[in-house]
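Data file: start-v3.pdb. Format and content: PDB, C-alpha atoms.
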ATOM      1  CA  MET I   1      -4.339  -1.609  -6.893
ATOM      2  CA  VAL I   2      -6.888  -3.908  -8.532
ATOM      3  CA  ASN I   3      -7.033  -7.581  -7.553
ATOM      4  CA  PRO I   4      -5.760  -9.982 -10.194
ATOM      5  CA  VAL I   5      -8.501 -10.611 -12.754
ATOM      6  CA  HIS I   6     -11.199 -13.033 -11.603
ATOM      7  CA  ARG I   7      -9.470 -13.611  -8.248
ATOM      8  CA  PRO I   8     -11.226 -11.432  -5.662
ATOM      9  CA  SER I   9      -9.073 -11.109  -2.555
ATOM     10  CA  PRO I  10     -10.293  -9.178   0.484
ATOM     11  CA  ARG I  11      -6.866  -9.699   2.117
ATOM     12  CA  LEU I  12      -4.981  -8.180  -0.829
ATOM     13  CA  THR I  13      -7.420  -5.265  -1.009
ATOM     14  CA  ALA I  14      -7.105  -4.627   2.736
ATOM     15  CA  ALA I  15      -3.296  -4.890   2.561
ATOM     16  CA  ALA I  16      -3.186  -2.318  -0.247
ATOM     17  CA  CYS I  17      -5.324   0.035   1.854
ATOM     18  CA  ALA I  18      -3.092  -0.518   4.904
ATOM     19  CA  ALA I  19      -0.062   0.397   2.769
ATOM     20  CA  GLY I  20      -1.693   3.694   1.800
ATOM     21  CA  ALA I  21      -2.860   2.696  -1.687
ATOM     22  CA  LEU I  22      -6.411   2.411  -2.940
ATOM     23  CA  GLY I  23      -7.223  -1.295  -2.859
ATOM     24  CA  VAL I  24      -9.837  -2.410  -5.393
ATOM     25  CA  LEU I  25     -11.757  -5.653  -4.894
ATOM     26  CA  GLU I  26     -12.883  -7.309  -8.124
ATOM     27  CA  LEU I  27     -16.383  -8.617  -7.511
ATOM     28  CA  PRO I  28     -17.499 -11.963  -8.931
ATOM     29  CA  ALA I  29     -20.189 -12.239 -11.605
ATOM     30  CA  ASP I  30     -23.399 -14.204 -11.046
ATOM     31  CA  ALA I  31     -22.658 -14.868  -7.361
ATOM     32  CA  PRO I  32     -24.533 -12.417  -5.101
ATOM     33  CA  ALA I  33     -23.873 -14.341  -1.854
ATOM     34  CA  LEU I  34     -20.144 -14.597  -2.576
ATOM     35  CA  ALA I  35     -19.975 -10.909  -3.533
ATOM     36  CA  ALA I  36     -21.676  -9.937  -0.254
ATOM     37  CA  GLU I  37     -19.267 -12.138   1.737
ATOM     38  CA  LEU I  38     -16.202 -10.680  -0.026
ATOM     39  CA  LEU I  39     -17.430  -7.123   0.564
ATOM     40  CA  ALA I  40     -18.051  -7.820   4.267
ATOM     41  CA  ARG I  41     -14.551  -9.282   4.710
ATOM     42  CA  THR I  42     -12.921  -6.378   2.875
ATOM     43  CA  ASP I  43     -14.834  -3.857   4.977
ATOM     44  CA  LEU I  44     -13.862  -5.720   8.173
ATOM     45  CA  TRP I  45     -10.164  -6.193   7.340
ATOM     46  CA  SER I  46      -9.424  -2.797   5.773
ATOM     47  CA  PRO I  47      -7.980  -0.145   8.081
ATOM     48  CA  SER I  48     -10.688   2.005   9.618
ATOM     49  CA  ARG I  49     -11.543   5.225   7.824
ATOM     50  CA  ARG I  50      -9.633   4.137   4.689
ATOM     51  CA  PRO I  51     -11.768   3.946   1.547
ATOM     52  CA  PHE I  52     -11.491   1.074  -0.897
ATOM     53  CA  GLY I  53     -12.873   0.392  -4.344
ATOM     54  CA  VAL I  54     -14.729  -2.366  -6.122
ATOM     55  CA  ARG I  55     -14.642  -3.472  -9.746
ATOM     56  CA  VAL I  56     -18.054  -4.381 -11.150
ATOM     57  CA  ARG I  57     -17.816  -6.828 -14.058
ATOM     58  CA  PRO I  58     -20.622  -7.806 -16.447
ATOM     59  CA  ASN I  59     -23.348  -9.835 -14.711
ATOM     60  CA  CYS I  60     -22.259  -8.676 -11.262
ATOM     61  CA  PRO I  61     -25.467  -8.435  -9.201
ATOM     62  CA  ILE I  62     -24.278  -5.595  -6.930
ATOM     63  CA  SER I  63     -26.256  -2.381  -6.504
ATOM     64  CA  ALA I  64     -25.285   0.813  -4.677
ATOM     65  CA  ALA I  65     -27.293  -0.328  -1.644
ATOM     66  CA  ASP I  66     -25.167  -3.495  -1.393
ATOM     67  CA  LEU I  67     -21.884  -1.581  -1.049
ATOM     68  CA  PRO I  68     -20.424  -0.651   2.339
ATOM     69  CA  ASP I  69     -19.971   3.073   2.932
ATOM     70  CA  ARG I  70     -16.175   2.803   2.634
ATOM     71  CA  ALA I  71     -16.465   1.384  -0.904
ATOM     72  CA  GLU I  72     -16.189   4.917  -2.267
ATOM     73  CA  PHE I  73     -14.831   4.027  -5.715
ATOM     74  CA  VAL I  74     -16.375   1.795  -8.367
ATOM     75  CA  LEU I  75     -14.559   0.637 -11.489
ATOM     76  CA  LEU I  76     -17.478  -0.047 -13.802
ATOM     77  CA  ALA I  77     -16.337  -2.723 -16.262
ATOM     78  CA  ASP I  78     -19.869  -3.525 -17.465
ATOM     79  CA  PRO I  79     -20.808  -1.415 -20.505
ATOM     80  CA  ALA I  80     -24.479  -2.361 -20.034
ATOM     81  CA  ARG I  81     -24.607  -0.489 -16.723
ATOM     82  CA  ARG I  82     -24.615   3.266 -16.200
ATOM     83  CA  PRO I  83     -22.601   5.247 -13.640
ATOM     84  CA  ASP I  84     -25.777   6.891 -12.339
ATOM     85  CA  GLU I  85     -26.936   3.450 -11.092
ATOM     86  CA  LEU I  86     -24.347   3.838  -8.330
ATOM     87  CA  PRO I  87     -25.158   7.187  -6.661
ATOM     88  CA  GLY I  88     -22.866   8.442  -3.945
ATOM     89  CA  ARG I  89     -19.825   6.641  -5.404
ATOM     90  CA  ARG I  90     -16.952   7.852  -7.559
ATOM     91  CA  VAL I  91     -17.544   5.769 -10.655
ATOM     92  CA  LEU I  92     -14.677   5.216 -13.073
ATOM     93  CA  ALA I  93     -16.075   3.734 -16.288
ATOM     94  CA  GLU I  94     -13.839   1.392 -18.256
ATOM     95  CA  VAL I  95     -14.222   2.430 -21.901
ATOM     96  CA  THR I  96     -12.974   1.041 -25.206
ATOM     97  CA  ASP I  97     -13.878   3.842 -27.615
ATOM     98  CA  LEU I  98     -14.860   7.508 -27.742
ATOM     99  CA  ALA I  99     -18.614   6.911 -28.111
ATOM    100  CA  GLU I 100     -18.671   4.708 -25.017
ATOM    101  CA  ALA I 101     -16.673   7.331 -23.121
ATOM    102  CA  VAL I 102     -19.100  10.118 -24.048
ATOM    103  CA  ARG I 103     -22.073   7.997 -22.917
ATOM    104  CA  ALA I 104     -20.343   7.280 -19.601
ATOM    105  CA  VAL I 105     -19.589  10.953 -18.966
ATOM    106  CA  GLU I 106     -23.159  11.933 -19.851
ATOM    107  CA  ALA I 107     -24.402   9.293 -17.369
ATOM    108  CA  GLY I 108     -22.336  10.780 -14.557
ATOM    109  CA  ALA I 109     -18.954   8.993 -14.617
ATOM    110  CA  TRP I 110     -16.460  10.659 -12.283
ATOM    111  CA  GLY I 111     -13.585   9.455 -14.491
ATOM    112  CA  LEU I 112     -12.672   7.115 -17.338
ATOM    113  CA  ILE I 113     -10.272   4.221 -17.744
ATOM    114  CA  ALA I 114      -9.091   3.789 -21.341
ATOM    115  CA  ARG I 115      -8.740   0.111 -22.307
ATOM    116  CA  GLY I 116      -6.949  -0.277 -25.617
ATOM    117  CA  ASN I 117      -6.269  -3.429 -27.563
ATOM    118  CA  GLU I 118      -3.125  -4.307 -25.561
ATOM    119  CA  CYS I 119      -5.158  -5.044 -22.427
ATOM    120  CA  GLY I 120      -6.714  -8.380 -21.612
ATOM    121  CA  GLY I 121     -10.459  -8.880 -21.456
ATOM    122  CA  ARG I 122     -12.893  -6.419 -23.053
ATOM    123  CA  VAL I 123     -10.844  -4.067 -25.206
ATOM    124  CA  GLY I 124     -11.257  -1.722 -28.141
ATOM    125  CA  GLU I 125      -9.815  -1.756 -31.639
ATOM    126  CA  LEU I 126      -7.400   1.114 -30.959
ATOM    127  CA  SER I 127      -4.209   0.989 -28.945
ATOM    128  CA  THR I 128      -4.415   2.505 -25.474
ATOM    129  CA  PHE I 129      -2.229   5.421 -26.536
ATOM    130  CA  VAL I 130      -4.394   6.288 -29.559
ATOM    131  CA  LEU I 131      -7.575   5.891 -27.482
ATOM    132  CA  LEU I 132      -6.069   8.132 -24.809
ATOM    133  CA  GLN I 133      -5.397  10.795 -27.460
ATOM    134  CA  GLN I 134      -9.013  10.624 -28.648
ATOM    135  CA  LEU I 135     -10.440  10.878 -25.151
ATOM    136  CA  LEU I 136      -8.197  13.732 -24.023
ATOM    137  CA  GLY I 137      -8.729  15.579 -27.312
ATOM    138  CA  SER I 138     -12.515  15.451 -27.126
ATOM    139  CA  THR I 139     -14.367  18.540 -25.960
ATOM    140  CA  ARG I 140     -17.108  16.219 -24.645
ATOM    141  CA  ILE I 141     -14.797  14.564 -22.095
ATOM    142  CA  ASP I 142     -14.357  16.761 -19.013
ATOM    143  CA  VAL I 143     -13.363  14.158 -16.416
ATOM    144  CA  PRO I 144     -10.018  12.570 -15.446
ATOM    145  CA  VAL I 145      -8.798   9.783 -17.739
ATOM    146  CA  TRP I 146      -6.474   6.907 -16.823
ATOM    147  CA  ALA I 147      -4.840   4.350 -19.138
ATOM    148  CA  TRP I 148      -5.073   0.620 -18.378
ATOM    149  CA  GLY I 149      -2.141  -1.097 -20.065
ATOM    150  CA  GLY I 150      -0.419  -0.342 -23.325
ATOM    151  CA  ILE I 151       1.710   2.545 -22.076
ATOM    152  CA  GLY I 152       5.373   1.627 -22.078
ATOM    153  CA  ALA I 153       8.695   3.399 -21.749
ATOM    154  CA  ARG I 154       8.393   5.011 -25.184
ATOM    155  CA  THR I 155       4.853   6.308 -24.792
ATOM    156  CA  ALA I 156       4.841   7.260 -21.098
ATOM    157  CA  ALA I 157       6.293  10.744 -21.653
ATOM    158  CA  ALA I 158       3.857  11.381 -24.478
ATOM    159  CA  ALA I 159       0.928  10.248 -22.301
ATOM    160  CA  VAL I 160       2.006  12.629 -19.518
ATOM    161  CA  THR I 161       2.333  15.456 -22.058
ATOM    162  CA  LEU I 162      -1.184  14.704 -23.328
ATOM    163  CA  SER I 163      -2.568  14.948 -19.803
ATOM    164  CA  LEU I 164      -0.774  18.275 -19.187
ATOM    165  CA  ILE I 165      -2.149  19.735 -22.414
ATOM    166  CA  HIS I 166      -5.621  18.533 -21.415
ATOM    167  CA  ILE I 167      -5.368  20.194 -17.987
ATOM    168  CA  SER I 168      -4.243  23.589 -19.303
TER     169      SER I 168
END

Let me see the file written as structure tokens.
Amino acid sequence: MVNPVHRPSPRLTAAACAAGALGVLELPADAPALAAELLARTDLWSPSRRPFGVRVRPNCPISAADLPDRAEFVLLADPARRPDELPGRRVLAEVTDLAEAVRAVEAGAWGLIARGNECGGRVGELSTFVLLQQLLGSTRIDVPVWAWGGIGARTAAAAVTLSLIHIS
């Protein structure tokens, strides 16, 4: 569960972890002291031995060395950064097109998050469902792929079918 956009909440992240979900703290941009404080609170308040994630937006000053050990997952929302800048973490790169996805996989992304034009923020020209089809149909993508927004009641079954075809 990712914090609401631009509202980092260590309490919400810790509560998600306590409930058995993966809580993801969205880190602020251009505020290294605030990011460090939010990470420390999340690490303190999250149940022991439970991992949590962080979302790194553009201009976020965080490096791998700044992350607590339990911040095992990184949602990389900054296309200017590479997954291999965050060694030892499971990096999920947010991508908006096939070329960006291929670059992320080549740079070591553990998984991809497809962001189609129905999402808010940085999005691609394609719908999430069409982007998902491109990513899962590519022979150059060999990592898990998730969809962020744009999948509704009518496309959910088709998205699941796509993932099953990709796995086989």

Worksheet entry | Residue nearest I:Phe129 among I:Pro32, I:Pro68, I:Gly111, I:Gly152 (counting only C-alpha atoms) | I:Gly152

Discussion item. Given the PyMOL selection byres ((chain I and resi 101-105) around 8) and the file above, list the residues it selects as an MDAnalysis selection string.
Written reply: chainID I and resid 82:83 93 95:100 106:112 135 140:143

Item to complete: Apply the PyMOL selection byres ((chain I and resi 124) around 10) to the displayed file and report the matching residues as number ranges by chain.
Response: I: 95-98, 114-119, 121-123, 125-128, 131

Response to the item:
atom CA of I:Leu27 to atom CA of I:His6 measures 7.9 Å

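Across the structure, atom CA of I:Val74 and atom CA of I:Cys60 are spaced 12.4 Å apart.
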
Worksheet item: Which residues fall under the PyMOL selection byres ((chain I and resi 37) around 12) in this file, as number ranges by chain?
Response: I: 8-10, 25, 27-28, 31-36, 38-44, 62, 66-68

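Atom CA of I:Ile113 is found 15.1 Å from atom CA of I:Arg81.
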
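Closest to I:Asp78 among I:Ile151, I:Arg57, I:Phe52, I:Ala159 is I:Arg57, based on only C-alpha atoms.
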